[in-house]
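As stored in work-v7.pdb (PDB, C-alpha atoms, pLDDT in the B column):
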```
MODEL        1
ATOM      1  CA  MET K  68     117.140  87.727  91.291  1.00 88.00           C
ATOM      2  CA  MET K  69     120.536  89.312  91.847  1.00 97.00           C
ATOM      3  CA  PRO K  70     121.214  88.540  95.512  1.00 97.00           C
ATOM      4  CA  ALA K  71     124.953  89.144  95.112  1.00 97.00           C
ATOM      5  CA  VAL K  72     124.192  92.724  94.090  1.00 96.00           C
ATOM      6  CA  ALA K  73     121.781  93.103  97.015  1.00 96.00           C
ATOM      7  CA  GLU K  74     124.606  91.962  99.308  1.00 96.00           C
ATOM      8  CA  GLU K  75     127.013  94.481  97.811  1.00 96.00           C
ATOM      9  CA  ARG K  76     124.407  97.212  98.227  1.00 94.00           C
ATOM     10  CA  ARG K  77     124.006  96.249 101.890  1.00 96.00           C
ATOM     11  CA  ALA K  78     120.424  95.019 101.948  1.00 96.00           C
ATOM     12  CA  PRO K  79     119.686  93.843 105.496  1.00 97.00           C
ATOM     13  CA  ARG K  80     117.751  90.668 104.536  1.00 98.00           C
ATOM     14  CA  ILE K  81     117.918  88.927 101.180  1.00 98.00           C
ATOM     15  CA  VAL K  82     116.102  86.070  99.474  1.00 98.00           C
ATOM     16  CA  GLY K  83     117.831  84.858  96.316  1.00 98.00           C
ATOM     17  CA  VAL K  84     115.874  83.354  93.437  1.00 98.00           C
ATOM     18  CA  GLU K  85     117.403  82.211  90.158  1.00 98.00           C
ATOM     19  CA  PHE K  86     114.525  83.523  88.086  1.00 98.00           C
ATOM     20  CA  PRO K  87     114.506  85.786  85.025  1.00 98.00           C
ATOM     21  CA  PHE K  88     113.960  89.509  85.465  1.00 98.00           C
ATOM     22  CA  GLY K  89     110.330  90.506  85.873  1.00 98.00           C
ATOM     23  CA  HIS K  90     109.523  87.285  87.735  1.00 98.00           C
ATOM     24  CA  PRO K  91     110.609  87.706  91.368  1.00 98.00           C
ATOM     25  CA  PHE K  92     107.846  85.408  92.655  1.00 98.00           C
ATOM     26  CA  GLY K  93     108.009  82.880  89.856  1.00 98.00           C
ATOM     27  CA  MET K  94     106.048  81.658  86.875  1.00 98.00           C
ATOM     28  CA  PRO K  95     102.695  83.198  85.938  1.00 98.00           C
ATOM     29  CA  GLY K  96      99.885  80.967  87.137  1.00 98.00           C
ATOM     30  CA  ASP K  97     102.151  78.800  89.292  1.00 98.00           C
ATOM     31  CA  LYS K  98     100.637  79.515  92.699  1.00 98.00           C
ATOM     32  CA  ALA K  99     102.741  76.875  94.439  1.00 98.00           C
ATOM     33  CA  MET K 100     105.995  78.434  93.244  1.00 98.00           C
ATOM     34  CA  GLN K 101     104.814  81.936  94.144  1.00 98.00           C
ATOM     35  CA  ARG K 102     103.881  80.733  97.603  1.00 98.00           C
ATOM     36  CA  ARG K 103     107.292  79.143  98.175  1.00 98.00           C
ATOM     37  CA  VAL K 104     108.969  82.462  97.420  1.00 98.00           C
ATOM     38  CA  LEU K 105     106.656  84.621  99.509  1.00 98.00           C
ATOM     39  CA  GLU K 106     106.719  82.247 102.486  1.00 98.00           C
ATOM     40  CA  LEU K 107     110.516  82.181 102.394  1.00 98.00           C
ATOM     41  CA  ALA K 108     110.613  85.980 102.193  1.00 98.00           C
ATOM     42  CA  LEU K 109     108.348  86.220 105.231  1.00 98.00           C
ATOM     43  CA  ARG K 110     110.443  83.725 107.165  1.00 98.00           C
ATOM     44  CA  VAL K 111     113.606  85.689 106.410  1.00 98.00           C
ATOM     45  CA  LEU K 112     111.862  88.970 107.242  1.00 98.00           C
ATOM     46  CA  ALA K 113     110.747  87.751 110.631  1.00 97.00           C
ATOM     47  CA  GLY K 114     113.453  85.229 111.448  1.00 97.00           C
ATOM     48  CA  ALA K 115     116.769  86.634 110.276  1.00 97.00           C
ATOM     49  CA  ALA K 116     118.978  87.100 113.302  1.00 96.00           C
ATOM     50  CA  LYS K 117     121.468  89.552 111.882  1.00 96.00           C
ATOM     51  CA  PHE K 118     122.212  92.073 109.172  1.00 97.00           C
ATOM     52  CA  GLY K 119     123.066  90.640 105.775  1.00 96.00           C
ATOM     53  CA  THR K 120     121.200  87.359 106.162  1.00 98.00           C
ATOM     54  CA  ARG K 121     120.791  85.747 102.739  1.00 98.00           C
ATOM     55  CA  VAL K 122     118.786  82.633 101.964  1.00 98.00           C
ATOM     56  CA  ASP K 123     118.595  81.280  98.414  1.00 98.00           C
ATOM     57  CA  LEU K 124     115.567  79.383  97.148  1.00 98.00           C
ATOM     58  CA  ASP K 125     116.347  75.949  95.716  1.00 97.00           C
ATOM     59  CA  VAL K 126     114.007  76.112  92.743  1.00 97.00           C
ATOM     60  CA  GLU K 127     115.106  75.719  89.138  1.00 96.00           C
ATOM     61  CA  TRP K 128     113.407  77.882  86.519  1.00 98.00           C
ATOM     62  CA  PRO K 129     111.270  75.432  84.524  1.00 97.00           C
ATOM     63  CA  VAL K 130     112.072  76.900  81.106  1.00 97.00           C
ATOM     64  CA  PRO K 131     115.208  76.133  79.083  1.00 97.00           C
ATOM     65  CA  ILE K 132     117.798  78.843  79.692  1.00 96.00           C
ATOM     66  CA  ARG K 133     118.010  79.980  76.054  1.00 95.00           C
ATOM     67  CA  ASP K 134     114.253  80.520  75.901  1.00 97.00           C
ATOM     68  CA  ALA K 135     114.029  82.129  79.340  1.00 97.00           C
ATOM     69  CA  TYR K 136     116.982  84.424  78.615  1.00 95.00           C
ATOM     70  CA  LYS K 137     115.201  85.820  75.562  1.00 95.00           C
ATOM     71  CA  ALA K 138     111.709  85.818  77.039  1.00 96.00           C
ATOM     72  CA  TRP K 139     112.308  88.282  79.877  1.00 97.00           C
ATOM     73  CA  GLN K 140     113.806  90.933  77.609  1.00 96.00           C
ATOM     74  CA  PRO K 141     111.613  93.664  76.125  1.00 96.00           C
ATOM     75  CA  ASN K 142     110.773  93.489  72.451  1.00 94.00           C
ATOM     76  CA  GLU K 143     112.650  96.758  71.951  1.00 95.00           C
ATOM     77  CA  ALA K 144     115.912  97.518  73.738  1.00 95.00           C
ATOM     78  CA  SER K 145     115.594 100.091  76.529  1.00 96.00           C
ATOM     79  CA  PRO K 146     116.922 103.598  75.849  1.00 97.00           C
ATOM     80  CA  ILE K 147     120.014 103.118  78.023  1.00 95.00           C
ATOM     81  CA  VAL K 148     120.808  99.771  76.392  1.00 93.00           C
ATOM     82  CA  LYS K 149     120.538 101.357  72.958  1.00 94.00           C
ATOM     83  CA  LYS K 150     122.854 104.113  74.106  1.00 93.00           C
ATOM     84  CA  LEU K 151     125.376 101.693  75.603  1.00 90.00           C
ATOM     85  CA  LEU K 152     125.383  99.484  72.537  1.00 88.00           C
ATOM     86  CA  ALA K 153     125.929 102.516  70.339  1.00 91.00           C
ATOM     87  CA  THR K 154     128.796 103.645  72.576  1.00 89.00           C
ATOM     88  CA  TRP K 155     130.412 100.223  72.651  1.00 84.00           C
ATOM     89  CA  GLY K 156     129.967  99.911  68.905  1.00 82.00           C
ATOM     90  CA  ARG K 157     131.980 103.076  68.383  1.00 74.00           C
ATOM     91  CA  ALA K 158     134.747 102.010  70.771  1.00 68.00           C
TER
ATOM     92  CA  MET X  42     121.742  75.710  95.977  1.00 92.00           C
ATOM     93  CA  ILE X  43     123.564  79.029  95.652  1.00 96.00           C
ATOM     94  CA  VAL X  44     121.784  81.322  93.224  1.00 98.00           C
ATOM     95  CA  ASP X  45     123.759  82.554  90.219  1.00 97.00           C
ATOM     96  CA  SER X  46     122.912  86.249  90.311  1.00 97.00           C
ATOM     97  CA  TYR X  47     123.945  86.794  86.701  1.00 97.00           C
ATOM     98  CA  ARG X  48     122.343  83.768  85.043  1.00 96.00           C
ATOM     99  CA  PHE X  49     119.810  85.795  83.076  1.00 97.00           C
ATOM    100  CA  LEU X  50     121.886  88.946  82.542  1.00 95.00           C
ATOM    101  CA  PRO X  51     123.611  89.569  79.200  1.00 92.00           C
ATOM    102  CA  ARG X  52     127.282  88.820  79.803  1.00 92.00           C
ATOM    103  CA  SER X  53     128.435  92.235  78.630  1.00 90.00           C
ATOM    104  CA  PHE X  54     126.288  93.942  81.281  1.00 91.00           C
ATOM    105  CA  ARG X  55     127.685  91.997  84.226  1.00 95.00           C
ATOM    106  CA  PRO X  56     130.498  94.488  84.944  1.00 93.00           C
ATOM    107  CA  LEU X  57     127.884  97.223  85.292  1.00 90.00           C
ATOM    108  CA  TYR X  58     126.422  95.443  88.322  1.00 92.00           C
ATOM    109  CA  GLU X  59     129.223  93.401  89.868  1.00 95.00           C
ATOM    110  CA  GLY X  60     131.837  94.684  92.266  1.00 94.00           C
ATOM    111  CA  ASN X  61     130.393  98.147  92.802  1.00 92.00           C
ATOM    112  CA  GLY X  62     130.087  97.773  96.558  1.00 94.00           C
ATOM    113  CA  PRO X  63     127.737  99.905  98.635  1.00 94.00           C
ATOM    114  CA  PHE X  64     126.465 103.283  97.573  1.00 89.00           C
ATOM    115  CA  ARG X  65     128.586 106.140  98.857  1.00 87.00           C
ATOM    116  CA  GLY X  66     127.852 106.737 102.524  1.00 88.00           C
ATOM    117  CA  GLU X  67     125.833 103.538 102.840  1.00 89.00           C
ATOM    118  CA  ASP X  68     128.436 101.049 104.007  1.00 90.00           C
ATOM    119  CA  ALA X  69     127.183 100.932 107.590  1.00 94.00           C
ATOM    120  CA  PRO X  70     124.682  98.174 108.368  1.00 93.00           C
ATOM    121  CA  VAL X  71     121.028  99.225 108.563  1.00 93.00           C
ATOM    122  CA  TRP X  72     119.130  96.871 110.787  1.00 96.00           C
ATOM    123  CA  ALA X  73     115.723  96.866 112.429  1.00 95.00           C
ATOM    124  CA  PRO X  74     114.934  93.724 114.440  1.00 94.00           C
ATOM    125  CA  PHE X  75     111.563  92.181 113.655  1.00 96.00           C
ATOM    126  CA  GLU X  76     110.147  92.037 117.141  1.00 94.00           C
ATOM    127  CA  LYS X  77     106.529  90.952 116.660  1.00 96.00           C
ATOM    128  CA  ARG X  78     105.315  87.507 115.800  1.00 97.00           C
ATOM    129  CA  LEU X  79     104.584  87.098 112.094  1.00 98.00           C
ATOM    130  CA  GLN X  80     101.079  85.925 113.005  1.00 97.00           C
ATOM    131  CA  ALA X  81     100.465  89.288 114.643  1.00 98.00           C
ATOM    132  CA  SER X  82     102.107  91.431 111.970  1.00 98.00           C
ATOM    133  CA  ARG X  83     100.671  93.485 109.132  1.00 98.00           C
ATOM    134  CA  ILE X  84     102.714  93.081 105.962  1.00 98.00           C
ATOM    135  CA  ALA X  85     103.062  95.344 102.932  1.00 98.00           C
ATOM    136  CA  LEU X  86     104.552  94.648  99.509  1.00 98.00           C
ATOM    137  CA  LEU X  87     106.645  96.865  97.250  1.00 98.00           C
ATOM    138  CA  SER X  88     107.298  96.075  93.600  1.00 98.00           C
ATOM    139  CA  SER X  89     109.713  97.853  91.275  1.00 98.00           C
ATOM    140  CA  ALA X  90     107.965  96.578  88.135  1.00 98.00           C
ATOM    141  CA  GLY X  91     106.344  99.918  87.302  1.00 98.00           C
ATOM    142  CA  LEU X  92     102.783  98.806  88.093  1.00 98.00           C
ATOM    143  CA  TYR X  93     100.006 101.382  87.961  1.00 98.00           C
ATOM    144  CA  LEU X  94      96.228 101.503  87.736  1.00 98.00           C
ATOM    145  CA  LYS X  95      95.311 102.122  84.120  1.00 98.00           C
ATOM    146  CA  ALA X  96      91.974 103.836  84.820  1.00 97.00           C
ATOM    147  CA  SER X  97      92.958 106.176  87.631  1.00 98.00           C
ATOM    148  CA  GLN X  98      96.724 106.712  87.693  1.00 98.00           C
ATOM    149  CA  GLN X  99      99.272 108.138  85.320  1.00 98.00           C
ATOM    150  CA  SER X 100     101.781 105.764  83.845  1.00 98.00           C
ATOM    151  CA  PHE X 101     105.363 106.197  84.959  1.00 98.00           C
ATOM    152  CA  ASP X 102     106.958 108.704  82.604  1.00 98.00           C
ATOM    153  CA  LEU X 103     108.550 106.654  79.858  1.00 98.00           C
ATOM    154  CA  THR X 104     108.590 109.474  77.327  1.00 98.00           C
ATOM    155  CA  ARG X 105     111.103 111.443  79.343  1.00 98.00           C
ATOM    156  CA  GLU X 106     113.232 108.320  79.752  1.00 98.00           C
ATOM    157  CA  GLN X 107     113.188 107.808  75.987  1.00 97.00           C
ATOM    158  CA  ASP X 108     114.498 111.361  75.600  1.00 97.00           C
ATOM    159  CA  ASN X 109     116.986 111.049  78.462  1.00 97.00           C
ATOM    160  CA  PRO X 110     118.134 107.428  78.822  1.00 97.00           C
ATOM    161  CA  GLU X 111     120.026 108.121  82.054  1.00 95.00           C
ATOM    162  CA  TRP X 112     116.815 109.190  83.808  1.00 96.00           C
ATOM    163  CA  GLY X 113     114.072 107.052  85.346  1.00 97.00           C
ATOM    164  CA  ASP X 114     110.768 108.219  86.817  1.00 98.00           C
ATOM    165  CA  PRO X 115     111.229 108.279  90.637  1.00 98.00           C
ATOM    166  CA  SER X 116     107.529 108.607  91.513  1.00 98.00           C
ATOM    167  CA  TRP X 117     105.408 105.891  93.115  1.00 98.00           C
ATOM    168  CA  ARG X 118     101.915 104.450  92.948  1.00 98.00           C
ATOM    169  CA  SER X 119      99.596 102.897  95.502  1.00 98.00           C
ATOM    170  CA  ILE X 120      98.055  99.603  94.393  1.00 98.00           C
ATOM    171  CA  PRO X 121      94.983  98.426  96.357  1.00 98.00           C
ATOM    172  CA  SER X 122      95.303  94.817  97.427  1.00 96.00           C
ATOM    173  CA  ASN X 123      92.031  93.859  95.720  1.00 95.00           C
ATOM    174  CA  THR X 124      92.959  95.273  92.305  1.00 97.00           C
ATOM    175  CA  ALA X 125      91.805  93.096  89.418  1.00 97.00           C
ATOM    176  CA  THR X 126      94.397  91.839  86.959  1.00 97.00           C
ATOM    177  CA  SER X 127      92.708  93.712  84.119  1.00 97.00           C
ATOM    178  CA  GLU X 128      93.118  97.038  85.962  1.00 98.00           C
ATOM    179  CA  ILE X 129      96.906  96.842  86.195  1.00 98.00           C
ATOM    180  CA  GLY X 130      99.266  98.410  83.703  1.00 98.00           C
ATOM    181  CA  VAL X 131     103.043  98.046  83.518  1.00 98.00           C
ATOM    182  CA  ALA X 132     105.358 100.919  82.621  1.00 98.00           C
ATOM    183  CA  HIS X 133     108.906  99.583  82.495  1.00 98.00           C
ATOM    184  CA  LEU X 134     111.120  99.698  79.414  1.00 98.00           C
ATOM    185  CA  HIS X 135     113.650  97.156  80.692  1.00 97.00           C
ATOM    186  CA  ILE X 136     111.558  94.003  80.974  1.00 97.00           C
ATOM    187  CA  ASN X 137     108.999  92.171  78.873  1.00 98.00           C
ATOM    188  CA  ASP X 138     105.663  92.833  80.574  1.00 97.00           C
ATOM    189  CA  GLU X 139     103.609  89.997  79.039  1.00 98.00           C
ATOM    190  CA  ASP X 140     103.871  87.629  82.002  1.00 98.00           C
ATOM    191  CA  ILE X 141     103.216  90.401  84.528  1.00 98.00           C
ATOM    192  CA  LEU X 142     100.079  91.524  82.720  1.00 98.00           C
ATOM    193  CA  ALA X 143      98.898  87.903  82.576  1.00 98.00           C
ATOM    194  CA  ASP X 144      99.544  87.380  86.299  1.00 98.00           C
ATOM    195  CA  PRO X 145     100.621  90.440  88.316  1.00 98.00           C
ATOM    196  CA  GLU X 146     101.131  88.165  91.340  1.00 98.00           C
ATOM    197  CA  ILE X 147     104.559  87.294  89.948  1.00 98.00           C
ATOM    198  CA  THR X 148     105.687  90.792  90.941  1.00 98.00           C
ATOM    199  CA  LEU X 149     103.151  91.843  93.587  1.00 98.00           C
ATOM    200  CA  PRO X 150     101.518  88.818  95.242  1.00 98.00           C
ATOM    201  CA  ALA X 151      98.744  90.746  96.970  1.00 98.00           C
ATOM    202  CA  ARG X 152      96.119  87.994  96.695  1.00 97.00           C
ATOM    203  CA  LEU X 153      98.546  85.385  97.927  1.00 98.00           C
ATOM    204  CA  LEU X 154      99.408  87.573 100.896  1.00 98.00           C
ATOM    205  CA  GLU X 155      95.691  87.940 101.658  1.00 98.00           C
ATOM    206  CA  GLN X 156      95.435  84.163 101.550  1.00 98.00           C
ATOM    207  CA  LEU X 157      98.344  83.774 103.969  1.00 98.00           C
ATOM    208  CA  ALA X 158      96.625  86.268 106.252  1.00 98.00           C
ATOM    209  CA  ALA X 159      93.385  84.270 106.081  1.00 98.00           C
ATOM    210  CA  GLU X 160      95.354  81.137 106.996  1.00 98.00           C
ATOM    211  CA  GLY X 161      96.981  82.903 109.930  1.00 98.00           C
ATOM    212  CA  VAL X 162     100.524  82.763 108.561  1.00 98.00           C
ATOM    213  CA  VAL X 163     100.666  86.554 108.873  1.00 98.00           C
ATOM    214  CA  GLY X 164      98.437  88.778 110.934  1.00 98.00           C
ATOM    215  CA  GLY X 165      97.244  90.773 107.959  1.00 98.00           C
ATOM    216  CA  ALA X 166      98.103  92.697 104.843  1.00 98.00           C
ATOM    217  CA  THR X 167      97.933  96.414 104.243  1.00 98.00           C
ATOM    218  CA  ASP X 168      94.965  97.521 102.152  1.00 97.00           C
ATOM    219  CA  GLU X 169      97.313  99.049  99.622  1.00 98.00           C
ATOM    220  CA  HIS X 170     100.727  98.057  98.378  1.00 98.00           C
ATOM    221  CA  LEU X 171     103.472 100.140  96.763  1.00 98.00           C
ATOM    222  CA  SER X 172     104.827 100.352  93.254  1.00 98.00           C
ATOM    223  CA  VAL X 173     107.888 102.073  91.826  1.00 98.00           C
ATOM    224  CA  MET X 174     109.702 101.787  88.527  1.00 98.00           C
ATOM    225  CA  GLY X 175     113.079 100.286  89.222  1.00 96.00           C
ATOM    226  CA  TYR X 176     115.204 101.898  86.540  1.00 96.00           C
ATOM    227  CA  GLN X 177     116.615 105.031  88.185  1.00 95.00           C
ATOM    228  CA  ASP X 178     119.435 107.438  87.578  1.00 91.00           C
ATOM    229  CA  ARG X 179     122.674 106.531  89.288  1.00 87.00           C
ATOM    230  CA  SER X 180     122.379 109.138  92.040  1.00 88.00           C
ATOM    231  CA  LEU X 181     118.957 107.848  93.181  1.00 92.00           C
ATOM    232  CA  GLU X 182     118.304 111.445  94.190  1.00 93.00           C
ATOM    233  CA  GLY X 183     114.587 111.368  93.412  1.00 94.00           C
ATOM    234  CA  TRP X 184     114.102 108.238  95.470  1.00 95.00           C
ATOM    235  CA  ARG X 185     116.250 109.461  98.356  1.00 93.00           C
ATOM    236  CA  LEU X 186     114.807 112.925  98.696  1.00 95.00           C
ATOM    237  CA  GLN X 187     111.167 112.481  97.727  1.00 96.00           C
ATOM    238  CA  THR X 188     109.871 108.986  97.134  1.00 97.00           C
ATOM    239  CA  MET X 189     111.322 107.039 100.033  1.00 97.00           C
ATOM    240  CA  PRO X 190     110.283 109.510 102.754  1.00 98.00           C
ATOM    241  CA  GLN X 191     106.765 109.400 101.312  1.00 98.00           C
ATOM    242  CA  LEU X 192     106.768 105.606 101.230  1.00 98.00           C
ATOM    243  CA  VAL X 193     107.996 105.384 104.822  1.00 98.00           C
ATOM    244  CA  ALA X 194     105.282 107.809 105.929  1.00 98.00           C
ATOM    245  CA  THR X 195     102.661 105.807 104.035  1.00 98.00           C
ATOM    246  CA  LEU X 196     103.785 102.532 105.580  1.00 98.00           C
ATOM    247  CA  ARG X 197     103.705 104.056 109.057  1.00 97.00           C
ATOM    248  CA  ASP X 198     100.257 105.502 108.381  1.00 97.00           C
ATOM    249  CA  ARG X 199      99.042 102.039 107.307  1.00 97.00           C
ATOM    250  CA  GLU X 200     100.658 100.568 110.435  1.00 97.00           C
ATOM    251  CA  ALA X 201     102.747  98.112 108.463  1.00 98.00           C
ATOM    252  CA  ASP X 202     105.045  95.984 110.602  1.00 98.00           C
ATOM    253  CA  GLY X 203     107.093  94.612 107.731  1.00 98.00           C
ATOM    254  CA  LEU X 204     107.739  95.197 104.049  1.00 98.00           C
ATOM    255  CA  VAL X 205     108.686  92.701 101.363  1.00 98.00           C
ATOM    256  CA  LEU X 206     110.522  94.446  98.524  1.00 98.00           C
ATOM    257  CA  ALA X 207     110.494  92.704  95.169  1.00 97.00           C
ATOM    258  CA  PRO X 208     112.866  93.943  92.481  1.00 96.00           C
ATOM    259  CA  ALA X 209     111.733  93.427  88.943  1.00 95.00           C
TER
ENDMDL
END
```

Would you write the structure of this file as structure tokens?
Amino acid sequence: MMPAVAEERRAPRIVGVEFPFGHPFGMPGDKAMQRRVLELALRVLAGAAKFGTRVDLDVEWPVPIRDAYKAWQPNEASPIVKKLLATWGRA
Amino acid sequence: MIVDSYRFLPRSFRPLYEGNGPFRGEDAPVWAPFEKRLQASRIALLSSAGLYLKASQQSFDLTREQDNPEWGDPSWRSIPSNTATSEIGVAHLHINDEDILADPEITLPARLLEQLAAEGVVGGATDEHLSVMGYQDRSLEGWRLQTMPQLVATLRDREADGLVLAPA
């Protein structure tokens, strides 16, 4: 979901998906989408020829961005997010 | 299509993730060639969604994280590949768990991997897969010193040839 970060952190093989957090293999119940991701991951695992190989999956998340952006987030902000927001609010 | 890594991240958090480079001491490439055929390989999965078995395993420690927001539970759980959806719990304060509880395959596609094994795409799947909770303190000390050596030993014991890691 954040392949650029995986590259910076030196992951040896990377599959990029433009999916919301919590959904690395896709939509719940969408077996075809999940299969596309896992098959690509297996192909990259077995077929990448060199360190740092990155292949991005050409699948658009089938939910409008505003809805998807809200939907992945927890109902209550995580402790570190609360702390950061409090810190930034005081700055 | 080039994936936008920050599409779903709040804009104000992007600087926390972007441009940090490798962890200290980890700039050298780590590379293990995959030498077997996929059809002859046993594959394992690792999810960082904080999955655990509600009836038989402790949740990841979210209480301590509430008290100390910089800390995340570095322990791990083993998830049998035939675990029913209703048996899986999610302990992760940084994502909405509704979709995962409805269909855990979106983070740990164990049944799909079994299907690919039955079709001969892969040689097989390990009987158990691995679960961690992906929010960790910045040093990653607990993962480095305890969890990862245990996971490596477990994967070797299960004779896994390859591992697919899925961040949550």

Please give the centre and size of the box around segment 86-92 of chain K (axis-aligned, containing every atom listed in the file, 6 Å added per side), with values in Å to one decimal and written as AutoDock Vina command-line options.
```
--center_x 111.2 --center_y 87.0 --center_z 88.8 --size_x 18.7 --size_y 19.0 --size_z 19.6
```

### Message
Starting from the ChimeraX specification (/X :<7) & /K, expand the selection into actual residues of this file and give them as an MDAnalysis selection string.
### Response
chainID K and resid 68:72 75:77 79 83:85 87:96 101 113 118 123 125 136 139:142 145:147

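With atom CA of Glu106 of chain K on one side and atom CA of Ala85 of chain X on the other, the separation reads 13.6 Å.
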
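Between atom CA of Ala78 of chain K and atom CA of Gly164 of chain X the separation is 24.6 Å.
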
### Query
How many Å separate atom CA of Ala132 of chain X from atom CA of Arg105 of chain X?
12.4 Å

### Task
Fewer than 2 positions away in the same chain doesn't count, so skip those; otherwise give me all residues within 8 Å of Asn123 of chain X, counting all atoms listed in the file, as a PyMOL selection string.
chain X and resi 121+125+151-152+168

### Query
Could you pull the residues within 12 Å of Gln98 of chain X, counting all atoms listed in the file, minus those fewer than 6 positions along the same chain, as number ranges by chain?
X: 91-92, 116-120, 128-132, 172

Using only C-alpha atoms, please write the residues we just selected to a file, as a PDB file, in the frame of the given file.
```pdb
ATOM      1  CA  GLY X  91     106.344  99.918  87.302  1.00 98.00           C
ATOM      2  CA  LEU X  92     102.783  98.806  88.093  1.00 98.00           C
ATOM      3  CA  SER X 116     107.529 108.607  91.513  1.00 98.00           C
ATOM      4  CA  TRP X 117     105.408 105.891  93.115  1.00 98.00           C
ATOM      5  CA  ARG X 118     101.915 104.450  92.948  1.00 98.00           C
ATOM      6  CA  SER X 119      99.596 102.897  95.502  1.00 98.00           C
ATOM      7  CA  ILE X 120      98.055  99.603  94.393  1.00 98.00           C
ATOM      8  CA  GLU X 128      93.118  97.038  85.962  1.00 98.00           C
ATOM      9  CA  ILE X 129      96.906  96.842  86.195  1.00 98.00           C
ATOM     10  CA  GLY X 130      99.266  98.410  83.703  1.00 98.00           C
ATOM     11  CA  VAL X 131     103.043  98.046  83.518  1.00 98.00           C
ATOM     12  CA  ALA X 132     105.358 100.919  82.621  1.00 98.00           C
ATOM     13  CA  SER X 172     104.827 100.352  93.254  1.00 98.00           C
TER      14      SER X 172
END
```

### Task
Could you tell me which of X:Glu160, X:Asp202, X:Glu169, X:Asp102 comes closest to Leu87 of chain X if we count only C-alpha atoms?
X:Glu169

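Checking X:Ser100, X:Gln80, X:Thr188, X:Ser127 one by one against Arg110 of chain K, counting only C-alpha atoms, you find the shortest gap at X:Gln80.
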
### Message
Using only C-alpha atoms for the distances, tell me which of K:Lys150, K:Phe86, K:Ala116, K:Val122 is nearest to Ala135 of chain K.
### Response
K:Phe86
